[in-house]
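Participant: Below is protein28.txt; it holds compact mmCIF, C-alpha atoms and all ligand atoms.
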```txt
# COMPACT_ATOMS: atom_id res chain seq x y z
CA MET W 1 86.86 73.51 77.08
CA SER W 2 89.86 73.33 79.44
CA ASP W 3 89.82 74.60 83.03
CA LEU W 4 93.05 76.57 82.52
CA ILE W 5 93.01 80.24 83.51
CA LEU W 6 95.87 82.68 82.95
CA GLY W 7 95.93 85.11 85.89
CA ILE W 8 97.58 88.54 85.61
CA GLU W 9 98.33 90.75 88.64
CA THR W 10 99.96 94.19 88.49
CA SER W 11 98.09 96.16 91.16
CA CYS W 12 101.13 97.25 93.14
CA ASP W 13 104.83 96.40 92.87
CA GLU W 14 104.82 92.77 91.68
CA THR W 15 104.45 91.85 88.01
CA ALA W 16 102.82 88.45 88.26
CA ALA W 17 101.29 85.86 85.94
CA ALA W 18 100.16 82.32 86.68
CA VAL W 19 98.34 79.43 85.06
CA VAL W 20 95.91 77.63 87.34
CA GLU W 21 93.77 74.66 86.42
CA GLY W 22 90.35 74.79 88.03
CA SER W 23 90.25 76.26 91.52
CA GLU W 24 93.33 74.64 93.04
CA LYS W 25 95.94 73.16 90.67
CA ILE W 26 98.73 75.71 90.22
CA ARG W 27 100.52 74.96 86.94
CA SER W 28 102.86 77.97 87.15
CA ASN W 29 103.17 81.01 89.40
CA ILE W 30 105.64 83.71 88.27
CA VAL W 31 106.29 86.82 90.36
CA ALA W 32 108.78 89.49 89.24
CA SER W 33 109.34 91.52 92.40
CA GLN W 34 110.19 95.23 92.29
CA VAL W 35 111.46 95.30 95.88
CA LYS W 36 115.02 96.26 94.89
CA LEU W 37 113.74 99.06 92.62
CA HIS W 38 111.73 100.74 95.40
CA ALA W 39 113.95 99.89 98.40
CA PRO W 40 116.11 103.06 98.17
CA TYR W 41 112.94 105.18 98.52
CA GLY W 42 111.61 103.24 101.53
CA GLY W 43 108.28 102.70 99.76
CA ILE W 44 106.66 102.25 96.37
CA VAL W 45 107.14 105.00 93.78
CA PRO W 46 104.03 104.65 91.54
CA GLU W 47 105.61 106.01 88.35
CA LEU W 48 108.58 103.64 88.62
CA ALA W 49 106.23 100.74 89.37
CA SER W 50 104.18 101.19 86.19
CA ARG W 51 107.27 101.57 84.02
CA ARG W 52 108.75 98.35 85.39
CA HIS W 53 105.43 96.54 84.88
CA LEU W 54 105.57 97.62 81.22
CA GLU W 55 109.04 96.12 80.85
CA MET W 56 108.19 92.88 82.63
CA ILE W 57 104.60 92.04 81.68
CA VAL W 58 105.28 90.26 78.35
CA PRO W 59 108.20 88.07 79.54
CA VAL W 60 106.37 87.23 82.79
CA ILE W 61 103.20 86.14 80.94
CA GLN W 62 105.23 84.14 78.42
CA LEU W 63 107.16 82.41 81.20
CA ALA W 64 103.96 81.53 83.08
CA VAL W 65 102.49 79.83 80.01
CA THR W 66 105.75 78.05 79.14
CA GLU W 67 106.36 76.83 82.71
CA ALA W 68 102.84 75.48 82.82
CA GLY W 69 103.76 73.39 79.74
CA LYS W 70 100.81 74.90 77.90
CA ASP W 71 100.02 77.05 74.92
CA PHE W 72 97.88 80.21 74.81
CA ALA W 73 95.37 78.23 72.75
CA ASP W 74 94.83 75.85 75.72
CA LEU W 75 93.46 78.61 77.97
CA ALA W 76 89.80 78.76 79.00
CA GLY W 77 90.08 82.45 79.87
CA LEU W 78 92.18 85.35 81.12
CA ALA W 79 91.68 86.82 84.58
CA VAL W 80 93.16 90.17 85.54
CA THR W 81 93.20 92.38 88.63
CA VAL W 82 91.12 95.50 87.94
CA GLY W 83 91.49 97.13 91.38
CA PRO W 84 92.01 98.31 94.02
CA GLY W 85 95.61 99.42 93.51
CA LEU W 86 97.83 101.95 91.78
CA VAL W 87 95.98 102.96 88.64
CA GLY W 88 99.08 103.20 86.43
CA SER W 89 100.16 99.72 87.53
CA LEU W 90 96.68 98.20 87.17
CA LEU W 91 96.37 99.57 83.62
CA VAL W 92 99.41 97.60 82.45
CA GLY W 93 97.81 94.31 83.48
CA VAL W 94 94.32 95.25 82.29
CA SER W 95 95.53 96.41 78.85
CA SER W 96 97.64 93.27 78.41
CA ALA W 97 94.76 90.98 79.38
CA LYS W 98 92.40 92.81 77.02
CA ALA W 99 94.85 92.57 74.12
CA LEU W 100 95.32 88.84 74.73
CA ALA W 101 91.61 88.16 75.15
CA TYR W 102 90.89 90.01 71.91
CA THR W 103 93.55 88.29 69.81
CA LEU W 104 92.95 84.82 71.29
CA HIS W 105 89.13 85.14 71.25
CA LYS W 106 89.05 84.04 74.90
CA PRO W 107 86.84 85.24 77.76
CA LEU W 108 88.17 88.17 79.80
CA ILE W 109 87.49 88.13 83.56
CA GLY W 110 87.98 91.13 85.88
CA VAL W 111 88.98 90.25 89.44
CA ASN W 112 89.06 92.38 92.59
CA HIS W 113 92.52 92.17 94.21
CA ILE W 114 91.05 91.51 97.68
CA GLU W 115 88.86 88.76 96.23
CA GLY W 116 92.15 87.32 94.94
CA HIS W 117 93.58 87.28 98.48
CA LEU W 118 90.49 85.33 99.61
CA TYR W 119 91.02 82.77 96.83
CA ALA W 120 94.67 82.40 97.87
CA GLY W 121 93.27 80.79 101.03
CA LEU W 122 91.02 78.52 99.00
CA LEU W 123 93.92 77.41 96.78
CA ASP W 124 95.53 75.80 99.83
CA HIS W 125 92.31 74.96 101.71
CA PRO W 126 89.81 73.99 99.03
CA HIS W 127 87.51 72.47 101.64
CA LEU W 128 87.20 75.70 103.63
CA GLU W 129 83.45 76.12 103.65
CA CYS W 130 81.39 79.30 103.69
CA PRO W 131 80.43 81.06 105.84
CA TYR W 132 83.71 82.19 107.37
CA VAL W 133 85.41 85.39 108.51
CA ALA W 134 88.35 86.59 106.41
CA LEU W 135 91.04 88.92 107.73
CA VAL W 136 92.88 90.43 104.76
CA ALA W 137 95.98 92.18 106.12
CA SER W 138 98.49 93.54 103.64
CA GLY W 139 100.40 96.68 102.68
CA GLY W 140 97.28 98.31 101.28
CA HIS W 141 94.41 96.68 103.18
CA THR W 142 93.27 95.63 106.62
CA HIS W 143 89.75 94.36 106.12
CA LEU W 144 87.49 91.95 107.95
CA TYR W 145 84.81 90.27 105.84
CA HIS W 146 82.00 87.88 106.48
CA VAL W 147 82.21 85.57 103.46
CA GLU W 148 78.66 84.26 103.44
CA ALA W 149 78.77 82.27 100.19
CA PRO W 150 81.17 82.02 97.23
CA GLY W 151 81.14 85.48 95.64
CA THR W 152 79.01 87.02 98.42
CA CYS W 153 80.51 88.86 101.35
CA ARG W 154 79.93 91.69 103.81
CA LEU W 155 82.50 94.15 105.16
CA LEU W 156 82.65 93.93 108.97
CA GLY W 157 85.51 96.33 109.64
CA CYS W 158 88.56 97.95 108.09
CA THR W 159 91.37 100.31 108.95
CA ARG W 160 90.53 103.98 109.41
CA ASP W 161 94.07 105.05 108.47
CA ASP W 162 97.20 102.95 107.78
CA ALA W 163 96.99 99.29 106.78
CA ALA W 164 98.73 96.77 109.07
CA GLY W 165 101.50 96.11 106.52
CA GLU W 166 101.94 99.85 106.00
CA ALA W 167 102.48 100.22 109.76
CA PHE W 168 105.16 97.50 109.64
CA ASP W 169 106.81 99.29 106.70
CA LYS W 170 106.72 102.73 108.36
CA VAL W 171 107.98 101.54 111.74
CA ALA W 172 110.77 99.58 110.00
CA LYS W 173 111.85 102.82 108.33
CA VAL W 174 111.94 104.61 111.71
CA LEU W 175 114.06 101.76 113.10
CA GLY W 176 116.47 101.91 110.14
CA LEU W 177 115.36 98.52 108.79
CA PRO W 178 115.04 97.83 105.04
CA TYR W 179 111.86 97.93 102.92
CA PRO W 180 109.50 96.07 102.98
CA GLY W 181 109.50 96.23 106.74
CA GLY W 182 107.28 93.30 107.74
CA PRO W 183 109.75 90.44 107.28
CA HIS W 184 112.62 92.51 108.78
CA ILE W 185 110.63 93.51 111.87
CA GLU W 186 109.62 89.88 112.35
CA GLN W 187 113.27 88.82 112.05
CA VAL W 188 114.74 91.31 114.55
CA ALA W 189 111.75 90.90 116.91
CA ARG W 190 112.90 87.34 117.60
CA ALA W 191 115.69 88.76 119.79
CA GLY W 192 113.40 91.25 121.53
CA ASP W 193 110.97 91.30 124.46
CA PRO W 194 107.35 91.89 123.34
CA ARG W 195 106.58 93.35 126.81
CA ALA W 196 109.50 95.80 126.78
CA VAL W 197 107.38 98.76 125.60
CA SER W 198 103.66 99.10 126.10
CA PHE W 199 102.46 100.49 122.75
CA PRO W 200 98.78 101.46 122.35
CA ARG W 201 96.11 99.00 121.18
CA PRO W 202 93.52 101.45 119.83
CA ILE W 203 89.83 100.69 120.23
CA ILE W 204 87.61 102.43 117.66
CA GLY W 205 84.31 103.16 119.36
CA HIS W 206 82.05 100.71 121.12
CA GLY W 207 81.45 97.49 119.21
CA SER W 208 83.35 98.61 116.09
CA LEU W 209 85.52 96.11 114.24
CA ASP W 210 87.58 98.87 112.59
CA PHE W 211 91.33 99.29 113.09
CA SER W 212 93.70 102.22 113.45
CA PHE W 213 97.46 101.77 113.09
CA SER W 214 98.81 105.24 112.37
CA GLY W 215 99.11 106.05 116.09
CA LEU W 216 101.53 103.15 116.52
CA LYS W 217 104.14 104.72 114.26
CA THR W 218 103.80 107.98 116.19
CA ALA W 219 104.12 106.09 119.50
CA VAL W 220 107.36 104.46 118.29
CA ILE W 221 108.75 107.85 117.21
CA GLN W 222 107.77 109.45 120.52
CA TYR W 223 109.33 106.58 122.47
CA LEU W 224 112.62 106.97 120.60
CA GLU W 225 112.64 110.75 120.85
CA GLY W 226 111.88 110.51 124.56
CA ARG W 227 115.12 108.57 124.86
CA GLY W 228 117.12 111.18 122.98
CA TYR W 229 117.20 109.59 119.54
CA ARG W 230 116.61 111.50 116.35
CA THR W 231 114.12 109.79 114.06
CA PRO W 232 113.84 110.17 110.23
CA ARG W 233 111.08 112.79 110.38
CA ARG W 234 113.58 115.20 112.01
CA ARG W 235 116.54 114.52 109.75
CA GLY W 236 115.36 117.13 107.25
CA ALA W 237 115.82 119.91 109.83
CA THR W 238 118.07 122.64 108.51
CA ARG W 239 119.03 124.31 111.79
CA MET W 240 121.33 122.74 114.32
CA ASP W 241 119.60 122.27 117.63
CA ALA W 242 120.18 120.24 120.76
CA SER W 243 118.90 117.10 119.08
CA ASP W 244 121.64 117.28 116.43
CA ARG W 245 124.12 116.30 119.08
CA GLU W 246 122.02 113.34 120.05
CA SER W 247 122.59 109.84 118.78
CA THR W 248 120.99 108.53 115.56
CA VAL W 249 122.54 105.07 115.93
CA LEU W 250 120.07 102.76 117.59
CA ASN W 251 121.20 100.10 120.01
CA PRO W 252 120.39 96.66 118.43
CA GLN W 253 118.71 95.40 121.62
CA LEU W 254 116.53 98.50 121.74
CA VAL W 255 115.55 97.94 118.07
CA ALA W 256 114.72 94.30 118.84
CA ASP W 257 112.61 95.26 121.88
CA ILE W 258 110.72 97.97 120.00
CA ALA W 259 110.18 95.65 117.00
CA ALA W 260 108.88 92.87 119.26
CA SER W 261 106.64 95.24 121.25
CA PHE W 262 105.27 96.91 118.12
CA GLN W 263 104.63 93.55 116.45
CA GLN W 264 102.82 92.32 119.55
CA ALA W 265 100.58 95.40 119.56
CA VAL W 266 99.60 94.81 115.90
CA VAL W 267 99.10 91.09 116.50
CA ASP W 268 96.91 91.77 119.57
CA VAL W 269 94.65 94.19 117.71
CA LEU W 270 94.29 91.98 114.61
CA THR W 271 93.59 88.95 116.79
CA ARG W 272 91.09 90.77 119.00
CA ASN W 273 88.99 92.03 116.09
CA ALA W 274 89.16 88.80 114.08
CA ILE W 275 87.90 86.74 117.03
CA ARG W 276 85.22 89.33 117.81
CA ALA W 277 84.11 89.23 114.19
CA ALA W 278 83.88 85.43 114.15
CA LYS W 279 81.85 85.44 117.36
CA ARG W 280 79.59 88.20 116.12
CA VAL W 281 78.64 86.40 112.91
CA GLY W 282 78.68 83.01 114.63
CA THR W 283 81.27 81.19 112.56
CA LEU W 284 83.98 78.78 113.71
CA ARG W 285 86.31 79.53 110.78
CA ILE W 286 88.74 82.41 110.16
CA LEU W 287 90.83 82.81 107.02
CA LEU W 288 93.98 84.90 107.51
CA THR W 289 95.42 86.18 104.24
CA GLY W 290 97.46 89.01 102.62
CA GLY W 291 101.17 89.78 103.06
CA VAL W 292 100.96 90.27 106.85
CA ALA W 293 99.59 86.72 107.11
CA CYS W 294 103.22 85.60 106.52
CA ASN W 295 103.92 86.70 110.10
CA GLU W 296 104.50 83.63 112.24
CA SER W 297 103.78 85.44 115.49
CA LEU W 298 100.36 86.55 114.14
CA ARG W 299 99.56 83.06 112.87
CA GLN W 300 100.40 81.39 116.17
CA HIS W 301 98.80 84.01 118.42
CA LEU W 302 95.57 84.08 116.41
CA ALA W 303 95.39 80.27 116.17
CA GLN W 304 95.99 79.85 119.92
CA ARG W 305 93.51 82.52 120.92
CA ALA W 306 90.90 81.19 118.45
CA ASN W 307 91.39 77.67 119.73
CA ARG W 308 90.00 78.72 123.11
CA ASP W 309 86.67 79.38 121.36
CA GLU W 310 86.98 76.30 119.15
CA ILE W 311 87.52 78.54 116.12
CA GLU W 312 89.79 77.14 113.43
CA VAL W 313 92.22 79.47 111.63
CA PHE W 314 93.42 78.89 108.06
CA TRP W 315 96.17 80.64 106.14
CA PRO W 316 97.78 79.98 102.76
CA ARG W 317 101.47 79.15 102.27
CA ARG W 318 103.69 82.24 102.30
CA GLU W 319 104.07 82.72 98.54
CA LEU W 320 100.28 82.82 98.26
CA CYS W 321 99.90 85.32 101.15
CA THR W 322 101.86 88.02 99.34
CA ASP W 323 100.72 89.34 95.95
CA ASN W 324 100.64 86.71 93.22
CA ALA W 325 98.64 85.88 90.11
CA ALA W 326 97.65 82.31 91.05
CA MET W 327 95.06 83.79 93.43
CA ILE W 328 93.72 85.99 90.61
CA ALA W 329 93.45 83.00 88.27
CA ALA W 330 91.63 80.97 90.96
CA ALA W 331 89.16 83.82 91.58
CA GLY W 332 88.79 84.20 87.81
CA TYR W 333 87.92 80.53 87.42
CA ALA W 334 85.11 80.87 89.97
CA ARG W 335 83.77 83.94 88.16
CA LEU W 336 83.97 82.23 84.77
CA ARG W 337 81.94 79.32 86.14
CA ARG W 338 79.34 81.80 87.33
CA GLY W 339 79.30 83.34 83.84
CA GLU W 340 80.79 86.63 85.04
CA VAL W 341 82.73 87.59 81.93
CA ALA W 342 83.89 91.17 81.25
CA SER W 343 83.65 93.08 77.99
CA LEU W 344 86.62 94.69 76.26
CA ASP W 345 85.80 98.09 77.76
CA LEU W 346 86.92 96.74 81.15
CA ASN W 347 88.83 99.45 83.00
CA ALA W 348 91.12 99.72 86.03
CA ALA W 349 89.65 101.19 89.24
CA ALA W 350 92.05 102.44 91.91
CA ASP W 351 89.34 102.30 94.63
CA LEU W 352 87.30 99.20 94.03
CA PRO W 353 85.36 97.92 97.03
CA LEU W 354 84.90 94.17 97.28
CA CYS W 355 81.40 94.51 98.64
O1 LIG W 401 99.82 91.31 100.07
P1 LIG W 401 101.08 92.08 99.85
O2 LIG W 401 102.20 91.39 99.11
O3 LIG W 401 100.78 93.39 99.02
C1 LIG W 401 99.67 94.19 99.20
O4 LIG W 401 98.57 93.83 98.68
O5 LIG W 401 99.84 95.22 99.90
O6 LIG W 401 101.57 92.62 101.27
C2 LIG W 401 102.77 93.32 101.44
C3 LIG W 401 102.83 93.77 102.89
C4 LIG W 401 104.01 94.69 103.20
O7 LIG W 401 103.53 95.81 103.91
C5 LIG W 401 104.93 93.82 104.04
O8 LIG W 401 105.69 94.57 104.99
C6 LIG W 401 103.94 92.92 104.74
O9 LIG W 401 102.96 92.63 103.76
N1 LIG W 401 104.59 91.68 105.20
C7 LIG W 401 104.70 91.33 106.51
C8 LIG W 401 105.44 90.13 106.53
N2 LIG W 401 105.73 89.78 105.25
C9 LIG W 401 105.20 90.74 104.44
N3 LIG W 401 104.26 91.94 107.62
C10 LIG W 401 104.55 91.35 108.80
N4 LIG W 401 105.29 90.21 108.92
C11 LIG W 401 105.74 89.58 107.81
N5 LIG W 401 106.46 88.46 107.92
ZN ZN W 402 97.70 92.30 98.01
```
Let me see whether you can do it: turn the structure in this file into structure tokens.

Facilitator:
Amino acid sequence: MSDLILGIETSCDETAAAVVEGSEKIRSNIVASQVKLHAPYGGIVPELASRRHLEMIVPVIQLAVTEAGKDFADLAGLAVTVGPGLVGSLLVGVSSAKALAYTLHKPLIGVNHIEGHLYAGLLDHPHLECPYVALVASGGHTHLYHVEAPGTCRLLGCTRDDAAGEAFDKVAKVLGLPYPGGPHIEQVARAGDPRAVSFPRPIIGHGSLDFSFSGLKTAVIQYLEGRGYRTPRRRGATRMDASDRESTVLNPQLVADIAASFQQAVVDVLTRNAIRAAKRVGTLRILLTGGVACNESLRQHLAQRANRDEIEVFWPRRELCTDNAAMIAAAGYARLRRGEVASLDLNAAADLPLC
């Protein structure tokens, strides 16, 4: 039997398929992004996302197999994201994988999306040994795990409200920056002063490793309104009031300073909890993964801070930090080797905990 796994990922707004050989050799990695489709709405519209997945899933899968220089018959199995995510989006991937597994007589493997983000780290750092702490920071998740052994982990902390990426996206919207906000905030923050505004760094109870990011968006709005700017939440107002005469055009230096200060607040909180988590479980390894792990400021700050405690920080290359199917295939390969094969009644689960 070959070691080739076809991975399929449709949990959110990327239609992705990839062929990976074993746990690290990426033969193809196709991602059809829906960013342009959702950009006018400033966020993902679930109904539009599932329709676009339906249009794209067959060509994306075909391209992944062709680019890998393989045939469907060469595959050892099909791995698909079953959750967490948007249920309508997940169902497109799950139904496609089931249909393929049935017609090809190949094993079907259900993969948790967050487990996929962990395997993205292993694709680039195959020698990263358990146990380690994983910080998964993306548009939908901000979770800290103790990965004790392959396939075995424990949740140490997670966000109580918005995910870190969601905070980037919401603050970008307030600042008039395009969706998705993370890369745009990072870009404009380069011209800003991270100490310009002192945004809150919430602490959730004594000893907790949980996060809270929703207050940051509110703090940014309050800061702008305190300076006489109207922010998007007030644009729907029907009556003219004093604020209607105030400016809505933000000064570029102010945007840069707010972006840099906001980014620093998120980076500080993520770094603080990740280091605390590593110390608490007594590991010298942290894996940083998920879309927010693309952020250079976070990478450098966390690595420098961790270095003081002789903790090493790992992160995958950028295209493996954001949603992709290579990470799903790699996780699927590990499951297949453990004999964890799904039956054809496999179903999507919008809220699927990793552990
Ligand atoms: O992992 P991902 O592609 O999808 C989810 O599973 O959610 O993450 C997307 C999120 C978005 O919220 C995006 O704004 C954020 O990752 N992101 C970033 C950066 N690049 C992407 N956040 C901060 N800095 C970045 N450079
Ligand atoms: Zn993700």

Participant: For ligand LIG 401 (chain W), list the contacting residues at 7 Å or closer, counting all atoms listed in the file, as a ChimeraX atom specification.

Facilitator: /W:12,138-141,165-166,168-169,180-183,185-186,290-296,321-323

Participant: Around ligand ZN 402 (chain W), at most 12 Å away and counting all atoms listed in the file, which residues are there? Put them as a ChimeraX atom specification, please.

Facilitator: /W:9-14,16,81,83-86,112-120,136-143,163-166,289-293,319-325,327-328

Participant: W:Val82, W:Leu344, W:Val133, W:Val249: which is nearest Ile275 of chain W, counting only C-alpha atoms?

Facilitator: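 Using only C-alpha atoms, the shortest distance to Ile275 of chain W belongs to W:Val133.
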
Participant: Go through W:Ser96, W:Ser2, W:Gln187, W:Gln62 one by one, measure the shortest atom-to-atom distance of each to Ala256 of chain W using all atoms listed in the file, and give the residue with the smallest value.

Facilitator: W:Gln187

Participant: Quick one: of W:Ser28, W:Ser212, W:Thr66, W:Asn273, who's nearest to Tyr145 of chain W, counting all atoms listed in the file?

Facilitator: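 Looking only at the distances to Tyr145 of chain W, the closest residue turns out to be W:Asn273.
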
Participant: Could you check how far atom CA of Arg230 of chain W sits from atom CA of Pro194 of chain W, in Å to one decimal?

Facilitator: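 We find that atom CA of Arg230 of chain W and atom CA of Pro194 of chain W lie 22.8 Å from each other.
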
Participant: Between W:Glu312, W:Asp345, W:Glu47, W:Glu21, single out the one closest to Val65 of chain W, counting all atoms listed in the file.

Facilitator: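 Using all atoms listed in the file, the shortest distance to Val65 of chain W belongs to W:Glu21.
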
Participant: In Å, rounded to a single decimal, give me how far atom CA of Asp124 of chain W is from atom CA of Ile109 of chain W.

Facilitator: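 About the pair atom CA of Ile109 of chain W and atom CA of Asp124 of chain W: they are 21.9 Å apart.
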
Participant: What is the atom CA of Tyr229 of chain W-atom CA of Leu37 of chain W distance in Å, reported with one decimal?

Facilitator: 29.1 Å

Participant: Restricting the calculation to only C-alpha atoms, which member of W:Glu340, W:Asp210, W:Glu225, W:Asp3 is positioned closest to Val269 of chain W?

Facilitator: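 Smallest separation from Val269 of chain W among the options: W:Asp210.
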
Participant: Nearest to Phe211 of chain W: which of W:Ile258, W:Ala191, W:Val31, W:Ala274 is it, counting all atoms listed in the file?

Facilitator: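 Of all the options, W:Ala274 lies closest to Phe211 of chain W.
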
Participant: Would you pick out the contacts of Lys279 of chain W at 12 Å or less, using all atoms listed in the file, so that residues sharing its chain but fewer than 4 positions from it are not included, and give the list as a ChimeraX atom specification?

Facilitator: /W:132-133,146,156,209,272-275,283-286,306,309-311

Participant: Please return, as number ranges by chain, all polymer residues that have at least one atom within 10 Å of the point (102.3, 104.7, 114.7); use all atoms listed in the file and the file's own coordinate frame.

Facilitator: W: 162, 166-168, 170-171, 199-200, 212-222, 262

Participant: Could you write those residues out with C-alpha atoms, as a PDB file, keeping the file's coordinate frame?

Facilitator:
```pdb
ATOM      1  CA  ASP W 162      97.200 102.950 107.780  1.00  0.00           C
ATOM      2  CA  GLU W 166     101.940  99.850 106.000  1.00  0.00           C
ATOM      3  CA  ALA W 167     102.480 100.220 109.760  1.00  0.00           C
ATOM      4  CA  PHE W 168     105.160  97.500 109.640  1.00  0.00           C
ATOM      5  CA  LYS W 170     106.720 102.730 108.360  1.00  0.00           C
ATOM      6  CA  VAL W 171     107.980 101.540 111.740  1.00  0.00           C
ATOM      7  CA  PHE W 199     102.460 100.490 122.750  1.00  0.00           C
ATOM      8  CA  PRO W 200      98.780 101.460 122.350  1.00  0.00           C
ATOM      9  CA  SER W 212      93.700 102.220 113.450  1.00  0.00           C
ATOM     10  CA  PHE W 213      97.460 101.770 113.090  1.00  0.00           C
ATOM     11  CA  SER W 214      98.810 105.240 112.370  1.00  0.00           C
ATOM     12  CA  GLY W 215      99.110 106.050 116.090  1.00  0.00           C
ATOM     13  CA  LEU W 216     101.530 103.150 116.520  1.00  0.00           C
ATOM     14  CA  LYS W 217     104.140 104.720 114.260  1.00  0.00           C
ATOM     15  CA  THR W 218     103.800 107.980 116.190  1.00  0.00           C
ATOM     16  CA  ALA W 219     104.120 106.090 119.500  1.00  0.00           C
ATOM     17  CA  VAL W 220     107.360 104.460 118.290  1.00  0.00           C
ATOM     18  CA  ILE W 221     108.750 107.850 117.210  1.00  0.00           C
ATOM     19  CA  GLN W 222     107.770 109.450 120.520  1.00  0.00           C
ATOM     20  CA  PHE W 262     105.270  96.910 118.120  1.00  0.00           C
TER      21      PHE W 262
END
```

Participant: Can you pull out every residue within 10 Å of Pro150 of chain W, counting all atoms listed in the file, but drop anything in the same chain fewer than 4 positions away, and send it as a compact mmCIF listing (two decimals) with C-alpha atoms, keeping the file's coordinate frame?

Facilitator:
```
# COMPACT_ATOMS: atom_id res chain seq x y z
CA TYR W 119 91.02 82.77 96.83
CA GLU W 129 83.45 76.12 103.65
CA CYS W 130 81.39 79.30 103.69
CA PRO W 131 80.43 81.06 105.84
CA ALA W 331 89.16 83.82 91.58
CA ALA W 334 85.11 80.87 89.97
CA ARG W 335 83.77 83.94 88.16
```

Participant: Taking (87.0, 105.1, 111.3) in the file's coordinates as the center, which residues reach within 9 Å of it, counting only C-alpha atoms, put as a list in words?

Facilitator: Cys158, Thr159, Arg160, Asp161, Ile204, Gly205, Ser208, Asp210, Phe211 and Ser212 of chain W

Participant: For Leu302 of chain W, find every residue with an atom within 8 Å (counting all atoms listed in the file), except residues of its own chain fewer than 5 positions away, and show them as a list in words.

Facilitator: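 The residues that qualify are Val267, Thr271 and Val313 of chain W.
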
Participant: So that I can check the surroundings of Asp257 of chain W, please list as a list in words every protein, DNA and RNA residue that reaches within 12 Å of it, counting all atoms listed in the file and ignoring chain neighbours fewer than 3 positions away.

Facilitator: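 In the requested format, the answer is Leu175, Ile185, Glu186, Gln187, Val188, Ala189, Arg190, Ala191, Gly192, Asp193, Pro194, Arg195, Ala196, Val197, Ser198, Phe199, Val220, Tyr223, Leu224, Leu250, Asn251, Pro252, Gln253, Leu254, Ala260, Ser261, Phe262, Gln263 and Gln264 of chain W.
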
Participant: Taking the block above, write segment 259-270 of chain W with N, CA, C and O atoms as a PDB file, in the first residue's frame.

Facilitator:
```pdb
ATOM      1  N   ALA W 259      -2.967  50.397  15.180  1.00  0.00           N
ATOM      2  CA  ALA W 259      -2.706  49.029  14.708  1.00  0.00           C
ATOM      3  C   ALA W 259      -1.521  48.434  15.470  1.00  0.00           C
ATOM      4  O   ALA W 259      -1.575  47.295  15.942  1.00  0.00           O
ATOM      5  N   ALA W 260      -0.450  49.212  15.601  1.00  0.00           N
ATOM      6  CA  ALA W 260       0.755  48.712  16.282  1.00  0.00           C
ATOM      7  C   ALA W 260       0.476  48.456  17.761  1.00  0.00           C
ATOM      8  O   ALA W 260       0.926  47.446  18.326  1.00  0.00           O
ATOM      9  N   SER W 261      -0.278  49.352  18.399  1.00  0.00           N
ATOM     10  CA  SER W 261      -0.574  49.204  19.831  1.00  0.00           C
ATOM     11  C   SER W 261      -1.511  48.027  20.078  1.00  0.00           C
ATOM     12  O   SER W 261      -1.341  47.265  21.029  1.00  0.00           O
ATOM     13  N   PHE W 262      -2.513  47.882  19.198  1.00  0.00           N
ATOM     14  CA  PHE W 262      -3.442  46.748  19.317  1.00  0.00           C
ATOM     15  C   PHE W 262      -2.681  45.428  19.119  1.00  0.00           C
ATOM     16  O   PHE W 262      -2.816  44.483  19.903  1.00  0.00           O
ATOM     17  N   GLN W 263      -1.880  45.384  18.052  1.00  0.00           N
ATOM     18  CA  GLN W 263      -1.115  44.159  17.760  1.00  0.00           C
ATOM     19  C   GLN W 263      -0.231  43.784  18.942  1.00  0.00           C
ATOM     20  O   GLN W 263      -0.145  42.620  19.334  1.00  0.00           O
ATOM     21  N   GLN W 264       0.400  44.798  19.538  1.00  0.00           N
ATOM     22  CA  GLN W 264       1.293  44.527  20.678  1.00  0.00           C
ATOM     23  C   GLN W 264       0.507  43.963  21.863  1.00  0.00           C
ATOM     24  O   GLN W 264       0.992  43.062  22.563  1.00  0.00           O
ATOM     25  N   ALA W 265      -0.699  44.469  22.063  1.00  0.00           N
ATOM     26  CA  ALA W 265      -1.522  43.955  23.174  1.00  0.00           C
ATOM     27  C   ALA W 265      -1.851  42.478  22.951  1.00  0.00           C
ATOM     28  O   ALA W 265      -1.744  41.658  23.866  1.00  0.00           O
ATOM     29  N   VAL W 266      -2.236  42.120  21.703  1.00  0.00           N
ATOM     30  CA  VAL W 266      -2.564  40.714  21.404  1.00  0.00           C
ATOM     31  C   VAL W 266      -1.314  39.850  21.563  1.00  0.00           C
ATOM     32  O   VAL W 266      -1.342  38.774  22.184  1.00  0.00           O
ATOM     33  N   VAL W 267      -0.206  40.335  21.015  1.00  0.00           N
ATOM     34  CA  VAL W 267       1.056  39.585  21.081  1.00  0.00           C
ATOM     35  C   VAL W 267       1.464  39.361  22.547  1.00  0.00           C
ATOM     36  O   VAL W 267       1.859  38.256  22.932  1.00  0.00           O
ATOM     37  N   ASP W 268       1.339  40.387  23.364  1.00  0.00           N
ATOM     38  CA  ASP W 268       1.715  40.267  24.789  1.00  0.00           C
ATOM     39  C   ASP W 268       0.899  39.191  25.496  1.00  0.00           C
ATOM     40  O   ASP W 268       1.433  38.380  26.245  1.00  0.00           O
ATOM     41  N   VAL W 269      -0.414  39.208  25.241  1.00  0.00           N
ATOM     42  CA  VAL W 269      -1.299  38.260  25.936  1.00  0.00           C
ATOM     43  C   VAL W 269      -1.038  36.825  25.456  1.00  0.00           C
ATOM     44  O   VAL W 269      -0.954  35.886  26.264  1.00  0.00           O
ATOM     45  N   LEU W 270      -0.895  36.658  24.137  1.00  0.00           N
ATOM     46  CA  LEU W 270      -0.631  35.309  23.604  1.00  0.00           C
ATOM     47  C   LEU W 270       0.699  34.788  24.142  1.00  0.00           C
ATOM     48  O   LEU W 270       0.816  33.629  24.561  1.00  0.00           O
TER      49      LEU W 270
END
```
